[in-house]
>>> print(open('input.pdb').read())   # PDB, C-alpha atoms
ATOM      1  CA  MET A 199       7.584  -7.380 -28.317  1.00  0.00           C
ATOM      2  CA  THR A 200       4.560  -8.981 -26.691  1.00  0.00           C
ATOM      3  CA  LYS A 201       3.768  -8.686 -23.032  1.00  0.00           C
ATOM      4  CA  PRO A 202       4.025 -11.895 -21.029  1.00  0.00           C
ATOM      5  CA  THR A 203       0.632 -13.243 -20.094  1.00  0.00           C
ATOM      6  CA  ARG A 204      -0.270 -12.828 -16.460  1.00  0.00           C
ATOM      7  CA  SER A 205      -2.895 -14.670 -14.575  1.00  0.00           C
ATOM      8  CA  VAL A 206      -4.586 -14.066 -11.283  1.00  0.00           C
ATOM      9  CA  ARG A 207      -6.311 -16.873  -9.465  1.00  0.00           C
ATOM     10  CA  PHE A 208      -8.739 -16.571  -6.597  1.00  0.00           C
ATOM     11  CA  ALA A 209      -8.990 -19.458  -4.160  1.00  0.00           C
ATOM     12  CA  ALA A 210     -12.356 -20.552  -2.901  1.00  0.00           C
ATOM     13  CA  THR A 211     -10.969 -20.770   0.647  1.00  0.00           C
ATOM     14  CA  SER A 212      -8.187 -19.195   2.670  1.00  0.00           C
ATOM     15  CA  GLN A 213      -5.716 -20.779   5.046  1.00  0.00           C
ATOM     16  CA  LEU A 214      -4.300 -19.494   8.315  1.00  0.00           C
ATOM     17  CA  ILE A 215      -1.170 -21.059   9.768  1.00  0.00           C
ATOM     18  CA  LEU A 216      -0.305 -20.440  13.427  1.00  0.00           C
ATOM     19  CA  PHE A 217       3.169 -21.003  14.825  1.00  0.00           C
ATOM     20  CA  PRO A 218       3.558 -21.738  18.546  1.00  0.00           C
ATOM     21  CA  LYS A 219       5.690 -19.225  20.426  1.00  0.00           C
ATOM     22  CA  ASP A 220       8.257 -21.822  21.507  1.00  0.00           C
ATOM     23  CA  VAL A 221       9.035 -22.589  17.860  1.00  0.00           C
ATOM     24  CA  MET A 222      10.435 -19.095  17.400  1.00  0.00           C
ATOM     25  CA  ILE A 223      14.222 -19.079  17.638  1.00  0.00           C
ATOM     26  CA  ASP A 224      16.416 -16.179  18.677  1.00  0.00           C
ATOM     27  CA  ARG A 225      14.545 -13.143  17.379  1.00  0.00           C
ATOM     28  CA  ASN A 226      17.716 -11.080  17.070  1.00  0.00           C
ATOM     29  CA  HIS A 227      18.872 -13.400  14.310  1.00  0.00           C
ATOM     30  CA  CYS A 228      15.496 -13.679  12.557  1.00  0.00           C
ATOM     31  CA  TRP A 229      14.144 -10.156  12.629  1.00  0.00           C
ATOM     32  CA  TYR A 230      15.477  -6.642  12.331  1.00  0.00           C
ATOM     33  CA  SER A 231      17.934  -5.438  14.941  1.00  0.00           C
ATOM     34  CA  ALA A 232      17.321  -2.373  17.093  1.00  0.00           C
ATOM     35  CA  GLU A 233      19.777  -0.456  14.869  1.00  0.00           C
ATOM     36  CA  ASP A 234      17.865  -1.479  11.734  1.00  0.00           C
ATOM     37  CA  LYS A 235      14.590  -0.351  13.296  1.00  0.00           C
ATOM     38  CA  ALA A 236      16.098   2.990  14.314  1.00  0.00           C
ATOM     39  CA  ARG A 237      17.443   3.506  10.784  1.00  0.00           C
ATOM     40  CA  PHE A 238      14.051   2.624   9.264  1.00  0.00           C
ATOM     41  CA  GLN A 239      12.359   5.079  11.650  1.00  0.00           C
ATOM     42  CA  GLN A 240      14.790   7.843  10.683  1.00  0.00           C
ATOM     43  CA  GLU A 241      14.320   7.140   6.947  1.00  0.00           C
ATOM     44  CA  MET A 242      10.542   7.187   7.369  1.00  0.00           C
ATOM     45  CA  LEU A 243      10.663  10.552   9.138  1.00  0.00           C
ATOM     46  CA  GLN A 244      12.957  11.972   6.431  1.00  0.00           C
ATOM     47  CA  GLN A 245      10.630  10.704   3.691  1.00  0.00           C
ATOM     48  CA  ALA A 246       7.624  12.196   5.482  1.00  0.00           C
ATOM     49  CA  LEU A 247       9.380  15.557   5.757  1.00  0.00           C
ATOM     50  CA  GLN A 248      10.311  15.479   2.050  1.00  0.00           C
ATOM     51  CA  LEU A 249       6.725  14.636   1.097  1.00  0.00           C
ATOM     52  CA  ARG A 250       5.286  17.393   3.307  1.00  0.00           C
ATOM     53  CA  THR A 251       7.679  19.897   1.737  1.00  0.00           C
ATOM     54  CA  SER A 252       6.895  18.787  -1.819  1.00  0.00           C
ATOM     55  CA  LEU A 253       3.152  18.820  -1.115  1.00  0.00           C
ATOM     56  CA  GLY A 254       3.214  22.342   0.291  1.00  0.00           C
ATOM     57  CA  HIS A 255       3.024  21.302   3.975  1.00  0.00           C
ATOM     58  CA  GLY A 256      -0.265  19.518   3.592  1.00  0.00           C
ATOM     59  CA  SER A 257      -3.555  20.462   2.080  1.00  0.00           C
ATOM     60  CA  ALA A 258      -7.095  20.521   3.331  1.00  0.00           C
ATOM     61  CA  TYR A 259      -8.425  18.724   0.255  1.00  0.00           C
ATOM     62  CA  LEU A 260      -7.586  15.355  -1.210  1.00  0.00           C
ATOM     63  CA  HIS A 261      -8.305  16.596  -4.741  1.00  0.00           C
ATOM     64  CA  ASP A 262      -5.108  18.663  -4.415  1.00  0.00           C
ATOM     65  CA  PHE A 263      -3.100  15.422  -4.338  1.00  0.00           C
ATOM     66  CA  SER A 264      -2.242  13.243  -7.316  1.00  0.00           C
ATOM     67  CA  GLU A 265      -2.623   9.491  -7.107  1.00  0.00           C
ATOM     68  CA  ASP A 266       1.182   9.227  -6.955  1.00  0.00           C
ATOM     69  CA  ASP A 267       1.231  11.625  -3.988  1.00  0.00           C
ATOM     70  CA  LEU A 268      -1.233   9.439  -2.109  1.00  0.00           C
ATOM     71  CA  ILE A 269       0.692   6.271  -3.001  1.00  0.00           C
ATOM     72  CA  ASN A 270       3.911   7.839  -1.704  1.00  0.00           C
ATOM     73  CA  CYS A 271       2.133   8.631   1.581  1.00  0.00           C
ATOM     74  CA  THR A 272       0.909   5.072   2.117  1.00  0.00           C
ATOM     75  CA  GLY A 273       1.721   3.943   5.635  1.00  0.00           C
ATOM     76  CA  ILE A 274       2.896   7.359   6.804  1.00  0.00           C
ATOM     77  CA  GLU A 275      -0.273   9.370   6.169  1.00  0.00           C
ATOM     78  CA  PRO A 276      -0.485  10.821   9.698  1.00  0.00           C
ATOM     79  CA  LEU A 277       3.096  12.111   9.403  1.00  0.00           C
ATOM     80  CA  VAL A 278       2.472  13.747   6.019  1.00  0.00           C
ATOM     81  CA  LEU A 279      -1.182  14.755   6.026  1.00  0.00           C
ATOM     82  CA  PHE A 280      -1.685  16.574   9.301  1.00  0.00           C
ATOM     83  CA  SER A 281      -5.194  17.767   8.492  1.00  0.00           C
ATOM     84  CA  ARG A 282      -7.769  15.587  10.256  1.00  0.00           C
ATOM     85  CA  SER A 283     -10.316  16.262   7.537  1.00  0.00           C
ATOM     86  CA  THR A 284      -7.848  15.095   4.864  1.00  0.00           C
ATOM     87  CA  LEU A 285      -7.067  11.934   6.825  1.00  0.00           C
ATOM     88  CA  ARG A 286     -10.806  11.322   7.261  1.00  0.00           C
ATOM     89  CA  GLN A 287     -11.405  11.798   3.517  1.00  0.00           C
ATOM     90  CA  LEU A 288      -8.571   9.389   2.724  1.00  0.00           C
ATOM     91  CA  HIS A 289      -9.997   6.819   5.143  1.00  0.00           C
ATOM     92  CA  GLU A 290     -13.427   7.153   3.506  1.00  0.00           C
ATOM     93  CA  MET A 291     -11.860   6.709   0.052  1.00  0.00           C
ATOM     94  CA  LYS A 292     -10.137   3.521   1.209  1.00  0.00           C
ATOM     95  CA  LEU A 293     -13.405   2.163   2.651  1.00  0.00           C
ATOM     96  CA  ALA A 294     -15.228   2.974  -0.601  1.00  0.00           C
ATOM     97  CA  HIS A 295     -12.517   1.159  -2.572  1.00  0.00           C
ATOM     98  CA  THR A 296     -12.885  -1.898  -0.325  1.00  0.00           C
ATOM     99  CA  ASP A 297     -16.668  -1.818  -0.772  1.00  0.00           C
ATOM    100  CA  ASN A 298     -16.239  -1.671  -4.559  1.00  0.00           C
ATOM    101  CA  VAL A 299     -13.872  -4.642  -4.547  1.00  0.00           C
ATOM    102  CA  LEU A 300     -16.276  -6.694  -2.420  1.00  0.00           C
ATOM    103  CA  ALA A 301     -19.205  -5.721  -4.641  1.00  0.00           C
ATOM    104  CA  ALA A 302     -17.269  -6.788  -7.750  1.00  0.00           C
ATOM    105  CA  GLN A 303     -16.568 -10.152  -6.141  1.00  0.00           C
ATOM    106  CA  ARG A 304     -20.297 -10.688  -5.651  1.00  0.00           C
ATOM    107  CA  TYR A 305     -21.322 -10.217  -9.275  1.00  0.00           C
ATOM    108  CA  LEU A 306     -18.247 -11.177 -11.348  1.00  0.00           C
ATOM    109  CA  ASN A 307     -17.116 -14.694 -12.098  1.00  0.00           C
ATOM    110  CA  THR A 308     -13.481 -15.586 -11.406  1.00  0.00           C
ATOM    111  CA  SER A 309     -12.217 -15.018 -14.966  1.00  0.00           C
ATOM    112  CA  ASP A 310     -13.894 -11.590 -15.223  1.00  0.00           C
ATOM    113  CA  LEU A 311     -12.598 -10.675 -11.768  1.00  0.00           C
ATOM    114  CA  SER A 312      -9.107 -11.739 -12.842  1.00  0.00           C
ATOM    115  CA  LEU A 313      -9.344  -9.582 -15.980  1.00  0.00           C
ATOM    116  CA  LEU A 314     -10.573  -6.590 -13.971  1.00  0.00           C
ATOM    117  CA  SER A 315      -7.744  -7.047 -11.478  1.00  0.00           C
ATOM    118  CA  ARG A 316      -5.153  -7.253 -14.241  1.00  0.00           C
ATOM    119  CA  ARG A 317      -6.474  -4.140 -15.979  1.00  0.00           C
ATOM    120  CA  SER A 318      -6.633  -2.128 -12.779  1.00  0.00           C
ATOM    121  CA  SER A 319      -3.030  -2.964 -11.895  1.00  0.00           C
ATOM    122  CA  ASP A 320      -1.529  -1.965 -15.258  1.00  0.00           C
ATOM    123  CA  ALA A 321      -1.086   1.700 -14.323  1.00  0.00           C
ATOM    124  CA  ALA A 322       0.453   0.786 -10.964  1.00  0.00           C
ATOM    125  CA  GLN A 323       2.863  -1.604 -12.666  1.00  0.00           C
ATOM    126  CA  GLN A 324       3.906   1.055 -15.161  1.00  0.00           C
ATOM    127  CA  ARG A 325       4.456   3.567 -12.340  1.00  0.00           C
ATOM    128  CA  ALA A 326       6.510   1.019 -10.386  1.00  0.00           C
ATOM    129  CA  TYR A 327       8.618   0.300 -13.466  1.00  0.00           C
ATOM    130  CA  VAL A 328       9.336   3.992 -14.001  1.00  0.00           C
ATOM    131  CA  VAL A 329      10.270   4.490 -10.345  1.00  0.00           C
ATOM    132  CA  ALA A 330      12.453   1.357 -10.346  1.00  0.00           C
ATOM    133  CA  THR A 331      14.386   2.496 -13.417  1.00  0.00           C
ATOM    134  CA  LEU A 332      15.200   5.988 -12.088  1.00  0.00           C
TER     135      LEU A 332
END
>>> encode(input="input.pdb", output="structure tokens")
Amino acid sequence: MTKPTRSVRFAATSQLILFPKDVMIDRNHCWYSAEDKARFQQEMLQQALQLRTSLGHGSAYLHDFSEDDLINCTGIEPLVLFSRSTLRQLHEMKLAHTDNVLAAQRYLNTSDLSLLSRRSSDAAQQRAYVVATL
């Protein structure tokens, strides 16, 4: 069985669309209700507690965490990783990743950048597939 071909395209420009405030209709019907938000908050806190427990209540060093551990902490890092030095290291890693992406955009043409992007996302796609099929 062959994998379906995937393509990534990079636009030369970006577009920003602004919607006037008066165009917004009743927000209670468009967005999450207060009950939904409270449930999401509770689920986030439960997930953070589970992650802290499974990670041994936090570590002082990022090298103690697997890539999957860090991915599972995305968005709730301050709730899971209470060590300021660990949070600082994670922030520096994210900045370095952003710098690498921007550097690659400067010296790669669009097809090479697309290939690099596709290759770098293969592991994440495989992980997502495994998690989705559990």
>>> atom_distance(input="input.pdb", atom1="CA of Leu253 in chain A", atom2="CA of Leu285 in chain A")
14.7 Å
>>> residues_around(input="input.pdb", residues="Asn270 in chain A", least_positions_apart="4", cutoff="10 Å", atoms="all atoms listed in the file", output="number ranges by chain")
A: 245-246, 249, 264-266, 274-275, 278
>>> resolve_selection(input="input.pdb", expression="the PyMOL selection byres ((chain A and resi 205) around 8)", output="MDAnalysis selection string")
chainID A and resid 203:204 206:207 312 316
>>> atom_distance(input="input.pdb", atom1="CA of Thr284 in chain A", atom2="CA of Leu268 in chain A")
11.2 Å
>>> residues_around(input="input.pdb", residues="range 298-305 of chain A", least_positions_apart="4", cutoff="12 Å", atoms="all atoms listed in the file", output="number ranges by chain")
A: 208, 210, 291-294, 309-315, 318
>>> closest_residue(input="input.pdb", among="A:Leu214, A:Ala232, A:Ala330, A:Leu277", to="Gln244 in chain A", atoms="all atoms listed in the file")
A:Leu277
>>> closest_residue(input="input.pdb", among="A:Ser281, A:Thr308, A:Gln239, A:Thr272", to="Ala209 in chain A", atoms="all atoms listed in the file")
A:Thr308
>>> atom_distance(input="input.pdb", atom1="CA of Arg237 in chain A", atom2="CA of His289 in chain A")
28.2 Å
>>> closest_residue(input="input.pdb", among="A:Leu279, A:Leu243, A:Leu288, A:Ile269", to="Ala322 in chain A", atoms="all atoms listed in the file")
A:Ile269
